[in-house]
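**Q** Attaching a single structure in structure tokens format; questions to follow.
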Amino acid sequence: MAFDIDMIKGVYANMAERVDKAREIVGKPLTLSEKILYSHLWDGNPTKAFTRGKDYVDFAPDRIACQDATAQMALLQFMQAGKPKVAVPTTVHCDHLIQAKNGAEADLKFANTSSAEVFDFLESVSNKYGIGFWKPGAGIIHQVVLENYAFPGGMMIGTDSHTVNAGGLGMVAIGVGGADAVDVMAGMAWELKFPKLIGVRLTGTISGWTAPKDVILKVAEILTVKGGTGAIVEYFGPGAKALSCTGKGTICNMGAEIGATTSTFGYDESMERYLRATDRADVADAANEIKEYLTADADVYANPENYFDQVIDIDLSKLGPLLNGPFTPDLSTSVGDEMTEKANSNDWPIQVEWGLIGSCTNSSYEDLSRASSIAQQALDKGLKIKAELGINPGSEQVRFTAERDGILETFEKLDAKIFTNACGPCIGQWARYSDPKNAPKNSIVHSFNRNFAKRADGNPNTHAFVASPEITAAIAIAGRLDFNPITDTLINEEGQEVKFDEPTGWELPPKGFEVEDAGFLAPMEDGSGVTVAVSKDSERLQLLEPFVPIKDEELMGAKLLIKAFGKCTTDHISMAGPWLRFRGHLDNIANNTLIGAVNAFNKKTNFVKNQLTGEYDGVPDTQRAYKAKGIKSVVIGDHNYGEGSSREHAAMQPRHLGVAAVIVKSFARIHETNLKKQGMLGLTFANENDYDLIQEDDTFNFIDIADFAPDKPLTIEIVHSDGSKDTIKANHTYNAAQIGWYREGSALNVIKRENAA
């Protein structure tokens, strides 16, 4: 039986009426995305049609999911909100703080010791406030959500950018910062700019070496890392219906890499099969009763150009396996000749040192079974694996079932290392090197979603390529980036030339899923007696103090902290990897603020000019010097600033250190919202070329900040060291409520005041 089945039935009970009303108001057939959005309005039944990409709308999500790294700060904030219990079903998943090194058993034991303080805190907070708790080793948040909580037609938010994975079960699932989650936990509305809609029509059939992963790798090539910003991507067509549910999840998962708000598929038979296989027949039965409301109206998919802002066509029969990378998830290359040419011309290392299968993107039973079919062929054909191979099962249920069915044993016979059911290398939790900064140039292939520099192992010289699990397995066995398993042969240990057959696998386990202990702890019905203790001497956890509002006069004479050059993701602003240990201690983790950003004036990282001394120092050190003198500072950035994970630390850390404004060419959606939530100014250059005006010793005067208002650009005077000045305009997307957050110091300050009233 499903978790929260009464809540799900309640959503379905209201859906028909609300969708019918929305269709009447909009005056035309509706996409699935619109049906879900209009049926989750905070005010209930729709009363007006919203303008895509313009109107801010209050929504009422059905549930929340938090992973352990971001849950710490989210729950520390929720503890200040004055509520005895979360207002909507919420779960916490311990999957980010487990480092991959020696294998599942040893790594989990080490994590349970080294992060015991954090896990105990999360378990006790969950127990106190009515939150479901998934223990370390239970699985990766998004796979666990797909198996247990996702349901067609639902809306959820999560404190991780890959929350979008649940679109594989027909949800609108959106990654948010922890402050957004706190709003909903506290019983408040959740605000989102009504998204634009991108339709992706899939025709033909996937076969052979092509996998669902290749669909999103192709979409990333077409849309690039920012082409989906502000939009929901809705997949449809005969090719979409032919995909498995977990395959759909893979495609939705990597929608985060194109900046999309989320991605989704209409409810179909593959979703029903998955629901029944994961012991949720009650959800499938309920969904079947209103299934016409859980997909788009017929004319939408028949004539998509009339209903979507953009339509993309992909013929799956013509799609081949792809490798995306290095250093960006949208650089797409076909396996074989094209990769050989690109690798040679760009001096990418041909030898592959590691293949990694798993992460929230590709760790399902189907993924492992297809990859294991390649591993089994290597054993049968006498091939010795040339690269090292690591496997991260997506959940304890997947791991237990895969072990029962001999899948993990096949990998182990090939000398693969089975890591814990956790994120591991995908989010930088990989003890590959003792000194990653000085590690050698090399190539790895993985089935993860992100491949920014230093992402997996901390080594800036690691060239990471994203591929399907089966391609990852084949290339790891061959040990070469230029290997094409469709056409190329390998020499086995007997000197014979052998060739791989096409991969095979199971959409769902033939004997059904099985697990002895899934790792779930239900909260107490009444947690009022639970004590949540945080030591004042802790290096890992720190109770929060409310942010103080930024005064208008403090924005006269603000100093430049850094002018970031090129890509500046949340990994650059607040690194993961070993820094994850400080995710619950704002002052300690602030010591990594912007240390990965490239200074435009010297092309170095963590090396900026302190205008008070004229000396160069690390970014956090320089900012702390400004803070000690009561001086606010400004960060300048390029396009898509804040791309990547949803981590609110990338906003909270600069705020904590005294950064008042971030001015960029364009923002990634989640990061812009996070800046607003923390009471900062997130601004964009009205003229992108004004980025070039910024000099190293600049001081900023926000001369009309007193008149900060919606739809009114701000005027900023830039004073250069020689006394000359430039005056520029900066645009913003703040509405009246968000300006209220800024004026009161943070969105949380507003919530606390309203709860106290």
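We label chains A, B, ... in the order they appear in the structure tokens, count residues from 1 in each chain, and number ligands from 1 in the order shown.
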Going by DSSP on the backbone, which bits of stretch 481-602 of chain A are strand (DSSP E)? Write them as a list in words, please.
**A**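 Residues meeting the strand (DSSP E) criterion: Leu490, Ile491, Glu497, Val498, Phe520, Leu521, Met556, Gly557, Ala558, Lys559, Leu560, Leu561, Ile562 and Lys563 of chain A.
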**Q** Tell me, which residues of stretch 304-374 of chain A carry DSSP helix (DSSP H, G or I), written as a list in words?
**A**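 These are the residues in question: Pro304, Glu305, Asn306, Leu316, Ser317, Lys318, Asp337, Glu338, Met339, Thr340, Glu341, Lys342, Ala343, Asn344, Ser345, Asn346, Tyr365, Glu366, Asp367, Leu368, Ser369, Arg370, Ala371, Ser372, Ser373 and Ile374 of chain A.
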**Q** Those residues you just picked out, can you put them in a file as a PDB file, in the first residue's frame with N, CA and C atoms?
**A**
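The new file part.pdb reads:
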ATOM      1  N   PRO A 304       0.752  19.990 -31.433  1.00  0.00           N
ATOM      2  CA  PRO A 304       1.494  20.595 -30.322  1.00  0.00           C
ATOM      3  C   PRO A 304       1.934  22.033 -30.563  1.00  0.00           C
ATOM      4  N   GLU A 305       2.157  22.404 -31.820  1.00  0.00           N
ATOM      5  CA  GLU A 305       2.619  23.762 -32.112  1.00  0.00           C
ATOM      6  C   GLU A 305       1.618  24.812 -31.640  1.00  0.00           C
ATOM      7  N   ASN A 306       0.358  24.418 -31.475  1.00  0.00           N
ATOM      8  CA  ASN A 306      -0.666  25.359 -31.030  1.00  0.00           C
ATOM      9  C   ASN A 306      -0.703  25.539 -29.512  1.00  0.00           C
ATOM     10  N   LEU A 316      13.378   8.414 -32.338  1.00  0.00           N
ATOM     11  CA  LEU A 316      14.187   7.487 -31.548  1.00  0.00           C
ATOM     12  C   LEU A 316      14.824   6.408 -32.410  1.00  0.00           C
ATOM     13  N   SER A 317      14.220   6.089 -33.539  1.00  0.00           N
ATOM     14  CA  SER A 317      14.781   5.061 -34.421  1.00  0.00           C
ATOM     15  C   SER A 317      16.090   5.514 -35.041  1.00  0.00           C
ATOM     16  N   LYS A 318      16.283   6.836 -35.108  1.00  0.00           N
ATOM     17  CA  LYS A 318      17.516   7.379 -35.706  1.00  0.00           C
ATOM     18  C   LYS A 318      18.524   7.828 -34.654  1.00  0.00           C
ATOM     19  N   ASP A 337      33.370   7.126 -34.400  1.00  0.00           N
ATOM     20  CA  ASP A 337      34.218   7.992 -35.227  1.00  0.00           C
ATOM     21  C   ASP A 337      34.181   9.445 -34.775  1.00  0.00           C
ATOM     22  N   GLU A 338      32.988   9.954 -34.464  1.00  0.00           N
ATOM     23  CA  GLU A 338      32.902  11.366 -34.064  1.00  0.00           C
ATOM     24  C   GLU A 338      33.657  11.603 -32.762  1.00  0.00           C
ATOM     25  N   MET A 339      33.531  10.678 -31.827  1.00  0.00           N
ATOM     26  CA  MET A 339      34.267  10.817 -30.573  1.00  0.00           C
ATOM     27  C   MET A 339      35.772  10.715 -30.811  1.00  0.00           C
ATOM     28  N   THR A 340      36.185   9.812 -31.661  1.00  0.00           N
ATOM     29  CA  THR A 340      37.610   9.667 -31.972  1.00  0.00           C
ATOM     30  C   THR A 340      38.171  10.974 -32.514  1.00  0.00           C
ATOM     31  N   GLU A 341      37.446  11.571 -33.444  1.00  0.00           N
ATOM     32  CA  GLU A 341      37.894  12.826 -34.055  1.00  0.00           C
ATOM     33  C   GLU A 341      37.954  13.953 -33.031  1.00  0.00           C
ATOM     34  N   LYS A 342      36.899  14.090 -32.241  1.00  0.00           N
ATOM     35  CA  LYS A 342      36.862  15.162 -31.252  1.00  0.00           C
ATOM     36  C   LYS A 342      37.935  14.979 -30.180  1.00  0.00           C
ATOM     37  N   ALA A 343      38.090  13.744 -29.711  1.00  0.00           N
ATOM     38  CA  ALA A 343      39.059  13.478 -28.652  1.00  0.00           C
ATOM     39  C   ALA A 343      40.472  13.804 -29.118  1.00  0.00           C
ATOM     40  N   ASN A 344      40.783  13.417 -30.340  1.00  0.00           N
ATOM     41  CA  ASN A 344      42.125  13.682 -30.864  1.00  0.00           C
ATOM     42  C   ASN A 344      42.359  15.167 -31.094  1.00  0.00           C
ATOM     43  N   SER A 345      41.374  15.852 -31.652  1.00  0.00           N
ATOM     44  CA  SER A 345      41.556  17.272 -31.958  1.00  0.00           C
ATOM     45  C   SER A 345      41.567  18.138 -30.704  1.00  0.00           C
ATOM     46  N   ASN A 346      40.894  17.679 -29.633  1.00  0.00           N
ATOM     47  CA  ASN A 346      40.835  18.457 -28.393  1.00  0.00           C
ATOM     48  C   ASN A 346      41.786  17.952 -27.314  1.00  0.00           C
ATOM     49  N   TYR A 365      16.579  -0.879 -11.315  1.00  0.00           N
ATOM     50  CA  TYR A 365      16.783  -2.298 -11.631  1.00  0.00           C
ATOM     51  C   TYR A 365      17.022  -2.468 -13.126  1.00  0.00           C
ATOM     52  N   GLU A 366      16.259  -1.773 -13.949  1.00  0.00           N
ATOM     53  CA  GLU A 366      16.433  -1.875 -15.399  1.00  0.00           C
ATOM     54  C   GLU A 366      17.833  -1.434 -15.812  1.00  0.00           C
ATOM     55  N   ASP A 367      18.308  -0.325 -15.276  1.00  0.00           N
ATOM     56  CA  ASP A 367      19.638   0.180 -15.616  1.00  0.00           C
ATOM     57  C   ASP A 367      20.716  -0.834 -15.251  1.00  0.00           C
ATOM     58  N   LEU A 368      20.639  -1.365 -14.026  1.00  0.00           N
ATOM     59  CA  LEU A 368      21.649  -2.327 -13.587  1.00  0.00           C
ATOM     60  C   LEU A 368      21.581  -3.616 -14.403  1.00  0.00           C
ATOM     61  N   SER A 369      20.376  -4.036 -14.752  1.00  0.00           N
ATOM     62  CA  SER A 369      20.249  -5.295 -15.500  1.00  0.00           C
ATOM     63  C   SER A 369      20.835  -5.162 -16.902  1.00  0.00           C
ATOM     64  N   ARG A 370      20.604  -4.030 -17.553  1.00  0.00           N
ATOM     65  CA  ARG A 370      21.149  -3.834 -18.903  1.00  0.00           C
ATOM     66  C   ARG A 370      22.672  -3.714 -18.866  1.00  0.00           C
ATOM     67  N   ALA A 371      23.189  -2.999 -17.892  1.00  0.00           N
ATOM     68  CA  ALA A 371      24.647  -2.894 -17.783  1.00  0.00           C
ATOM     69  C   ALA A 371      25.266  -4.247 -17.440  1.00  0.00           C
ATOM     70  N   SER A 372      24.576  -5.021 -16.605  1.00  0.00           N
ATOM     71  CA  SER A 372      25.123  -6.329 -16.226  1.00  0.00           C
ATOM     72  C   SER A 372      25.129  -7.299 -17.400  1.00  0.00           C
ATOM     73  N   SER A 373      24.223  -7.083 -18.366  1.00  0.00           N
ATOM     74  CA  SER A 373      24.248  -7.954 -19.549  1.00  0.00           C
ATOM     75  C   SER A 373      25.532  -7.759 -20.341  1.00  0.00           C
ATOM     76  N   ILE A 374      26.072  -6.557 -20.308  1.00  0.00           N
ATOM     77  CA  ILE A 374      27.361  -6.289 -20.956  1.00  0.00           C
ATOM     78  C   ILE A 374      28.488  -6.907 -20.135  1.00  0.00           C
TER      79      ILE A 374
END
**Q** Near A:Lys511, within 9 Å and counting only C-alpha atoms, which residues show up once chain neighbours fewer than 2 positions away are dropped, as a count of residues only?
**A** 6
**Q** A:Gly428: which residues within 6 Å, counting only C-alpha atoms, same-chain residues fewer than 2 positions away excluded, as JSON, numbers by chain?
**A** {"A": [425, 426, 430, 455, 456, 457, 577]}
**Q** Quick one: residues within 7 Å of stretch 435-438 of chain A, only C-alpha atoms, excluding same-chain residues fewer than 6 positions away - as a list in words?
**A** Asp457, Gly458, Asn459 and Pro460 of chain A
**Q** Store the residues of this selection in a file with N, CA and C atoms, as a compact mmCIF listing (two decimals), in the first residue's frame.
**A**
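File again_25.txt, as written:
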# COMPACT_ATOMS: atom_id res chain seq x y z
N ASP A 457 35.49 13.97 -8.53
CA ASP A 457 36.65 13.56 -7.73
C ASP A 457 37.52 14.70 -7.25
N GLY A 458 37.11 15.94 -7.51
CA GLY A 458 37.89 17.09 -7.07
C GLY A 458 39.07 17.42 -7.95
N ASN A 459 39.31 16.61 -8.98
CA ASN A 459 40.45 16.81 -9.88
C ASN A 459 40.04 17.67 -11.06
N PRO A 460 40.61 18.87 -11.22
CA PRO A 460 40.24 19.72 -12.35
C PRO A 460 40.67 19.15 -13.70
**Q** Quick one: residues within 10 Å of A:Phe452, only C-alpha atoms, excluding same-chain residues fewer than 4 positions away - as a VMD selection string?
**A** chain A and resid 325 to 329 456 460 462 to 465 567 569 571 to 572 644
**Q** Please save C-alpha atoms of the selected residues as a CSV table (one decimal), in the first residue's frame.
**A**
chain,number,residue,atom,x,y,z
A,325,GLY,CA,31.2,16.2,-22.1
A,326,PRO,CA,33.7,16.9,-20.9
A,327,PHE,CA,33.1,19.7,-18.4
A,328,THR,CA,29.5,20.4,-19.5
A,329,PRO,CA,26.5,18.2,-19.9
A,456,ALA,CA,33.2,13.8,-9.2
A,460,PRO,CA,40.2,19.7,-12.4
A,462,THR,CA,39.4,14.8,-14.9
A,463,HIS,CA,37.5,14.7,-18.2
A,464,ALA,CA,34.1,13.3,-17.3
A,465,PHE,CA,31.8,12.0,-20.0
A,567,LYS,CA,30.7,29.5,-15.9
A,569,THR,CA,27.7,27.1,-10.9
A,571,ASP,CA,29.6,24.1,-7.2
A,572,HIS,CA,31.8,27.1,-7.8
A,644,GLY,CA,23.5,23.4,-11.0
